[in-house]
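Data block for data-v2.pdb (PDB, C-alpha atoms):
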ATOM      1  CA  MET M   1      18.472 -15.026   3.425
ATOM      2  CA  SER M   2      17.712 -12.482   6.128
ATOM      3  CA  VAL M   3      14.244 -12.145   7.511
ATOM      4  CA  PRO M   4      12.794  -8.742   6.594
ATOM      5  CA  LYS M   5      11.311  -6.429   9.181
ATOM      6  CA  VAL M   6       7.925  -5.195   8.019
ATOM      7  CA  VAL M   7       5.513  -2.703   9.520
ATOM      8  CA  LEU M   8       1.983  -3.874   8.818
ATOM      9  CA  GLY M   9       0.141  -0.570   8.546
ATOM     10  CA  VAL M  10      -3.627  -0.667   8.806
ATOM     11  CA  PRO M  11      -4.984   2.879   8.608
ATOM     12  CA  SER M  12      -8.517   3.035   9.921
ATOM     13  CA  GLY M  13     -11.152   5.050  11.616
ATOM     14  CA  ASP M  14     -12.654   3.578  14.771
ATOM     15  CA  MET M  15     -13.646   0.290  13.118
ATOM     16  CA  MET M  16     -12.081  -2.528  11.153
ATOM     17  CA  HIS M  17     -14.074  -4.985   9.067
ATOM     18  CA  ALA M  18     -14.241  -8.410  10.717
ATOM     19  CA  ASP M  19     -13.208 -10.203   7.520
ATOM     20  CA  CYS M  20     -10.105  -8.008   7.315
ATOM     21  CA  ALA M  21      -9.229  -8.692  10.960
ATOM     22  CA  PHE M  22      -9.470 -12.457  10.484
ATOM     23  CA  ALA M  23      -7.473 -12.279   7.251
ATOM     24  CA  LEU M  24      -4.734 -10.320   9.024
ATOM     25  CA  MET M  25      -4.595 -12.919  11.800
ATOM     26  CA  GLY M  26      -3.867 -15.545   9.155
ATOM     27  CA  LEU M  27      -1.245 -13.343   7.533
ATOM     28  CA  VAL M  28       0.513 -12.621  10.841
ATOM     29  CA  ALA M  29       0.470 -16.309  11.808
ATOM     30  CA  SER M  30       1.928 -17.504   8.508
ATOM     31  CA  SER M  31       4.372 -14.794   7.427
ATOM     32  CA  ARG M  32       8.116 -15.325   7.653
ATOM     33  CA  ALA M  33       8.662 -11.564   8.204
ATOM     34  CA  ARG M  34       9.345  -9.931  11.559
ATOM     35  CA  LEU M  35       6.208  -7.834  11.935
ATOM     36  CA  VAL M  36       5.475  -4.606  13.749
ATOM     37  CA  LEU M  37       1.816  -3.602  13.761
ATOM     38  CA  ALA M  38       0.602  -0.031  13.260
ATOM     39  CA  ASN M  39      -3.044   1.001  13.367
ATOM     40  CA  PRO M  40      -3.181   4.790  13.427
ATOM     41  CA  LYS M  41      -6.749   5.958  13.656
ATOM     42  CA  SER M  42      -7.863   9.104  11.900
ATOM     43  CA  CYS M  43     -10.709  10.288   9.744
ATOM     44  CA  TYR M  44      -7.989  11.297   7.259
ATOM     45  CA  VAL M  45      -6.469   8.239   5.608
ATOM     46  CA  TRP M  46      -3.558  10.275   4.217
ATOM     47  CA  GLN M  47      -2.641  11.291   7.764
ATOM     48  CA  SER M  48      -2.793   7.678   8.978
ATOM     49  CA  ARG M  49      -0.558   6.570   6.107
ATOM     50  CA  ASN M  50       2.046   9.179   7.078
ATOM     51  CA  VAL M  51       1.966   7.906  10.672
ATOM     52  CA  CYS M  52       2.570   4.372   9.363
ATOM     53  CA  VAL M  53       5.637   5.636   7.490
ATOM     54  CA  ALA M  54       6.918   7.253  10.697
ATOM     55  CA  VAL M  55       6.419   3.969  12.587
ATOM     56  CA  ALA M  56       8.309   2.068   9.881
ATOM     57  CA  GLN M  57      11.175   4.561  10.034
ATOM     58  CA  LEU M  58      11.233   4.539  13.851
ATOM     59  CA  HIS M  59      11.513   0.748  13.908
ATOM     60  CA  GLY M  60      14.101   0.574  11.126
ATOM     61  CA  ALA M  61      11.771  -1.563   9.052
ATOM     62  CA  ASP M  62      12.786  -2.797   5.629
ATOM     63  CA  TYR M  63       9.241  -2.488   4.312
ATOM     64  CA  LEU M  64       5.860  -0.955   5.027
ATOM     65  CA  PHE M  65       2.902  -3.139   4.058
ATOM     66  CA  PHE M  66      -0.393  -1.289   3.839
ATOM     67  CA  VAL M  67      -3.598  -3.270   4.222
ATOM     68  CA  ASP M  68      -6.704  -1.124   4.438
ATOM     69  CA  SER M  69      -9.237  -1.983   7.115
ATOM     70  CA  ASP M  70     -11.793  -3.150   4.540
ATOM     71  CA  ILE M  71      -9.453  -5.328   2.448
ATOM     72  CA  VAL M  72      -9.247  -9.109   2.771
ATOM     73  CA  VAL M  73      -5.829 -10.520   1.893
ATOM     74  CA  PRO M  74      -4.789 -14.178   1.638
ATOM     75  CA  PRO M  75      -2.475 -15.404   4.414
ATOM     76  CA  ASP M  76       0.479 -15.618   2.021
ATOM     77  CA  ALA M  77      -0.003 -12.125   0.520
ATOM     78  CA  LEU M  78       2.927 -10.507   2.306
ATOM     79  CA  ASP M  79       5.378 -13.331   1.621
ATOM     80  CA  ARG M  80       4.349 -13.449  -2.048
ATOM     81  CA  LEU M  81       4.886  -9.702  -2.429
ATOM     82  CA  LEU M  82       8.227  -9.834  -0.582
ATOM     83  CA  ALA M  83       9.414 -12.622  -2.903
ATOM     84  CA  HIS M  84       9.382 -10.203  -5.842
ATOM     85  CA  GLY M  85      12.089  -8.030  -4.262
ATOM     86  CA  LYS M  86      10.631  -4.828  -5.728
ATOM     87  CA  ASP M  87      10.623  -1.324  -4.235
ATOM     88  CA  ILE M  88       6.836  -1.102  -4.588
ATOM     89  CA  VAL M  89       4.587  -4.048  -5.350
ATOM     90  CA  GLY M  90       0.955  -4.684  -4.585
ATOM     91  CA  ALA M  91      -2.339  -6.161  -5.600
ATOM     92  CA  THR M  92      -5.116  -4.251  -7.208
ATOM     93  CA  TYR M  93      -8.790  -4.854  -6.545
ATOM     94  CA  ILE M  94     -12.273  -3.835  -7.562
ATOM     95  CA  LYS M  95     -13.735  -0.472  -6.589
ATOM     96  CA  ARG M  96     -16.515  -0.890  -4.010
ATOM     97  CA  ALA M  97     -18.886   1.613  -5.623
ATOM     98  CA  PRO M  98     -20.305   1.411  -9.142
ATOM     99  CA  PRO M  99     -19.005   1.045 -11.794
ATOM    100  CA  HIS M 100     -16.920  -1.544  -9.827
ATOM    101  CA  SER M 101     -13.888  -1.058 -12.039
ATOM    102  CA  ILE M 102     -10.405  -2.375 -11.293
ATOM    103  CA  LEU M 103      -8.370   0.248  -9.460
ATOM    104  CA  GLY M 104      -4.971   1.268 -10.773
ATOM    105  CA  ALA M 105      -3.502   2.092 -14.161
ATOM    106  CA  ARG M 106      -0.867   0.243 -16.141
ATOM    107  CA  ARG M 107       2.258   2.154 -17.099
ATOM    108  CA  ASP M 108       1.841   1.182 -20.782
ATOM    109  CA  GLY M 109      -1.797   2.345 -20.856
ATOM    110  CA  ALA M 110      -3.267  -1.118 -21.498
ATOM    111  CA  THR M 111      -6.443  -1.852 -19.554
ATOM    112  CA  ASP M 112      -6.126  -5.578 -18.894
ATOM    113  CA  LEU M 113      -4.452  -6.971 -15.791
ATOM    114  CA  PRO M 114      -3.161 -10.544 -15.656
ATOM    115  CA  ARG M 115      -4.233 -12.824 -12.826
ATOM    116  CA  ASP M 116      -0.618 -13.843 -12.184
ATOM    117  CA  GLY M 117       2.734 -12.141 -12.548
ATOM    118  CA  LEU M 118       3.811  -8.543 -12.425
ATOM    119  CA  VAL M 119       2.818  -5.569 -14.551
ATOM    120  CA  ALA M 120       4.477  -2.148 -14.427
ATOM    121  CA  MET M 121       1.901   0.279 -13.051
ATOM    122  CA  ALA M 122       1.579   4.055 -13.203
ATOM    123  CA  GLU M 123      -0.915   4.129 -10.326
ATOM    124  CA  MET M 124      -1.994   1.619  -7.694
ATOM    125  CA  PRO M 125      -4.431   1.687  -4.820
ATOM    126  CA  THR M 126      -2.637   1.503  -1.468
ATOM    127  CA  GLY M 127      -5.087  -0.895   0.183
ATOM    128  CA  CYS M 128      -2.694  -3.825  -0.414
ATOM    129  CA  LEU M 129       0.700  -2.313  -1.166
ATOM    130  CA  LEU M 130       4.225  -3.226  -0.043
ATOM    131  CA  ILE M 131       6.734  -0.354  -0.078
ATOM    132  CA  ARG M 132      10.468  -0.610   0.642
ATOM    133  CA  THR M 133      11.036   2.055   3.314
ATOM    134  CA  SER M 134      14.037   3.488   1.458
ATOM    135  CA  VAL M 135      11.543   4.804  -1.123
ATOM    136  CA  PHE M 136      10.516   7.461   1.394
ATOM    137  CA  ASP M 137      14.083   8.806   1.390
ATOM    138  CA  ARG M 138      13.559   9.756  -2.263
ATOM    139  CA  ILE M 139      10.462  11.916  -1.800
ATOM    140  CA  ALA M 140       9.478  14.877   0.366
ATOM    141  CA  LYS M 141       7.057  14.949   3.274
ATOM    142  CA  PRO M 142       4.178  14.689   3.497
ATOM    143  CA  TYR M 143       4.506  11.386   1.684
ATOM    144  CA  PHE M 144       0.747  11.018   1.443
ATOM    145  CA  ARG M 145      -1.661  13.882   0.807
ATOM    146  CA  HIS M 146      -4.739  14.520  -1.284
ATOM    147  CA  ALA M 147      -5.548  17.305  -3.708
ATOM    148  CA  VAL M 148      -8.551  18.845  -5.383
ATOM    149  CA  ALA M 149      -8.549  19.542  -9.115
ATOM    150  CA  GLY M 150     -11.698  21.413 -10.046
ATOM    151  CA  GLU M 151     -14.589  19.188  -8.981
ATOM    152  CA  THR M 152     -12.411  16.084  -8.585
ATOM    153  CA  MET M 153     -10.542  14.905  -5.529
ATOM    154  CA  ILE M 154      -7.252  13.140  -6.234
ATOM    155  CA  GLY M 155      -6.633  10.526  -3.566
ATOM    156  CA  GLU M 156      -3.493  10.107  -1.511
ATOM    157  CA  ASP M 157      -2.679   6.827  -3.241
ATOM    158  CA  ILE M 158      -2.717   8.338  -6.731
ATOM    159  CA  LEU M 159      -0.607  11.333  -5.697
ATOM    160  CA  PHE M 160       1.895   9.058  -3.953
ATOM    161  CA  CYS M 161       2.228   6.908  -7.075
ATOM    162  CA  ARG M 162       2.648   9.913  -9.347
ATOM    163  CA  THR M 163       5.342  11.293  -7.035
ATOM    164  CA  VAL M 164       7.404   8.102  -6.786
ATOM    165  CA  VAL M 165       7.119   7.339 -10.512
ATOM    166  CA  SER M 166       8.367  10.876 -11.255
ATOM    167  CA  ARG M 167      11.421  10.010  -9.095
ATOM    168  CA  GLY M 168      12.135   6.893 -11.148
ATOM    169  CA  VAL M 169      10.642   4.343  -8.747
ATOM    170  CA  GLU M 170       8.830   1.492 -10.470
ATOM    171  CA  ILE M 171       5.499   0.172  -9.196
ATOM    172  CA  PHE M 172       4.309  -3.373  -9.908
TER     173      PHE M 172
END

Serialized structure, structure tokens:
Amino acid sequence: MSVPKVVLGVPSGDMMHADCAFALMGLVASSRARLVLANPKSCYVWQSRNVCVAVAQLHGADYLFFVDSDIVVPPDALDRLLAHGKDIVGATYIKRAPPHSILGARRDGATDLPRDGLVAMAEMPTGCLLIRTSVFDRIAKPYFRHAVAGETMIGEDILFCRTVVSRGVEIF
């Protein structure tokens, strides 16, 4: 089995949460992947995500693994996600602000999410998301962007998911 090359993309502003930094140290120390680190800093997360894609493409990476600067991942998170062999696979989490709901939407419309195993998703947050870099060959630039619909802002993660799903890419 070949060892995958993965860009660990951590979009951030000027700061990273200490818990995230320590979690990433554990992940880097324990992962079997060949890692390239990318930490583009911008006040626009969509712009930082696009820079991470460019870094992954420049380095010929097999995957891009996004971990947001306020997310704490277990040290085996990357290896567990890689083991699934999917084009896009991630972990969902709880929204920081009330109502503290689980982020993401199942493809079948159900609202429960199992603690273990994979579920086909229509939308996922990108704060802990592994993407095979070949996925970006199937969609147009900019890969990440946001939009405004009336009074609502649609985040870059939701638009990305809607775009790739419309191209037949499955998200888990």

### Task
Would you work out the distance separating atom CA of Phe66 of chain M from atom CA of Thr111 of chain M, expressed in Å to one decimal?
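A separation of 24.2 Å between them.
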
### Task
Up to 8 Å from (-9.2, 4.1, 9.2) in the file's coordinates: name the residues, counting all atoms listed in the file, as a PyMOL selection string.
chain M and resi 10-16+40-45+48+68-69

### Query
When distances are computed from all atoms listed in the file, which of M:Arg106, M:His146, M:Arg115, M:Arg132 shows the smallest separation from Pro4 of chain M?
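Between M:Arg106, M:His146, M:Arg115, M:Arg132, the residue approaching Pro4 of chain M most closely is M:Arg132.
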
### Message
Applying 8 Å and all atoms listed in the file, which residues near Ile71 of chain M remain after dropping the ones on its own chain fewer than 3 positions away? List them as an NGL selection string.
### Response
:M and (19-20 or 67-68 or 127-128)

### Query
Quick one: of M:Val148, M:Val3, M:Met124, M:Val164, who's nearest to Arg32 of chain M, counting all atoms listed in the file?
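Nearest candidate to Arg32 of chain M out of M:Val148, M:Val3, M:Met124, M:Val164: M:Val3.
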
### Expansion of the PyMOL selection byres ((chain M and resi 109) around 12) into residues, as a PyMOL selection string
chain M and resi 104-108+110-113+119-123

### Task
Would you write out, as a list in words, every residue that the PyMOL selection byres ((chain M and resi 73) around 6) captures in this file?
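Residues picked by the PyMOL selection byres ((chain M and resi 73) around 6): Ala23, Val72 and Pro74 of chain M.
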
### Task
State, in Å with one decimal place, the distance from atom CA of Arg162 of chain M to atom CA of Phe65 of chain M.
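Separation of atom CA of Arg162 of chain M and atom CA of Phe65 of chain M: 18.7 Å.
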
### Task
Could you tell me how far atom CA of Ala54 of chain M lies from atom CA of Met25 of chain M, in Å and to one decimal?
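We find that atom CA of Ala54 of chain M and atom CA of Met25 of chain M lie 23.3 Å from each other.
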
### Query
What would the list of residues within 6 Å of (-2.3, -2.4, -5.0) (file frame) look like as a PyMOL selection string, if all atoms listed in the file are what count?
chain M and resi 90-92+124-126+128-129

### Query
Selected by the PyMOL selection byres ((chain M and resi 87) around 12) in the shown coordinates: which residues, as a ChimeraX atom specification?
/M:62-65,81-86,88-90,120,129-136,138,164-165,168-172

Could you work out an axis-aligned box for segment 57-74 of chain M, taking every atom the file lists and adding 4 Å on each side, and report centre and edge lengths in Å to one decimal, as JSON?
{"center_x": 1.2, "center_y": -4.8, "center_z": 7.8, "size_x": 33.9, "size_y": 26.7, "size_z": 20.3}

### Contact residues around Lys141 of chain M with all atoms listed in the file at 12 Å, ignoring same-chain residues under 4 positions, as a PyMOL selection string
chain M and resi 46-47+49-51+53-54+135-137+145+160+163

### Query
Which polymer residues have any atom within 9 Å of an atom of Lys5 of chain M, counting only C-alpha atoms, with same-chain residues fewer than 4 positions away left out, as a list in words?
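What passes the distance filter is Ala33, Arg34, Leu35, Val36, His59, Gly60, Ala61, Asp62, Tyr63 and Leu64 of chain M.
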
### Task
Go through M:Gly9, M:Ala56, M:Tyr93, M:Ala149 one by one, measure the shortest atom-to-atom distance of each to Leu37 of chain M using only C-alpha atoms, and give the residue with the smallest value.
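Smallest separation from Leu37 of chain M among the options: M:Gly9.
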
### Message
Give me, as a list in words, all polymer residues having an atom no more than 10 Å from Leu27 of chain M, counting all atoms listed in the file and skipping those fewer than 3 positions away in the same chain.
### Response
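My list of contacting residues is Ala21, Phe22, Ala23, Leu24, Ser30, Ser31, Arg32, Val73, Pro74, Pro75, Asp76, Ala77, Leu78 and Asp79 of chain M.
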
### Message
List the spatial neighbours of Ala147 of chain M as a ChimeraX atom specification - criterion: any atom at most 10 Å away, only C-alpha atoms, same-chain residues fewer than 4 positions off excluded.
### Response
/M:152-156,158-159

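Proximity to Leu118 of chain M was assessed for M:Arg80, M:Val28, M:Lys95, M:His100 counting only C-alpha atoms; the smallest distance is recorded for M:Arg80.
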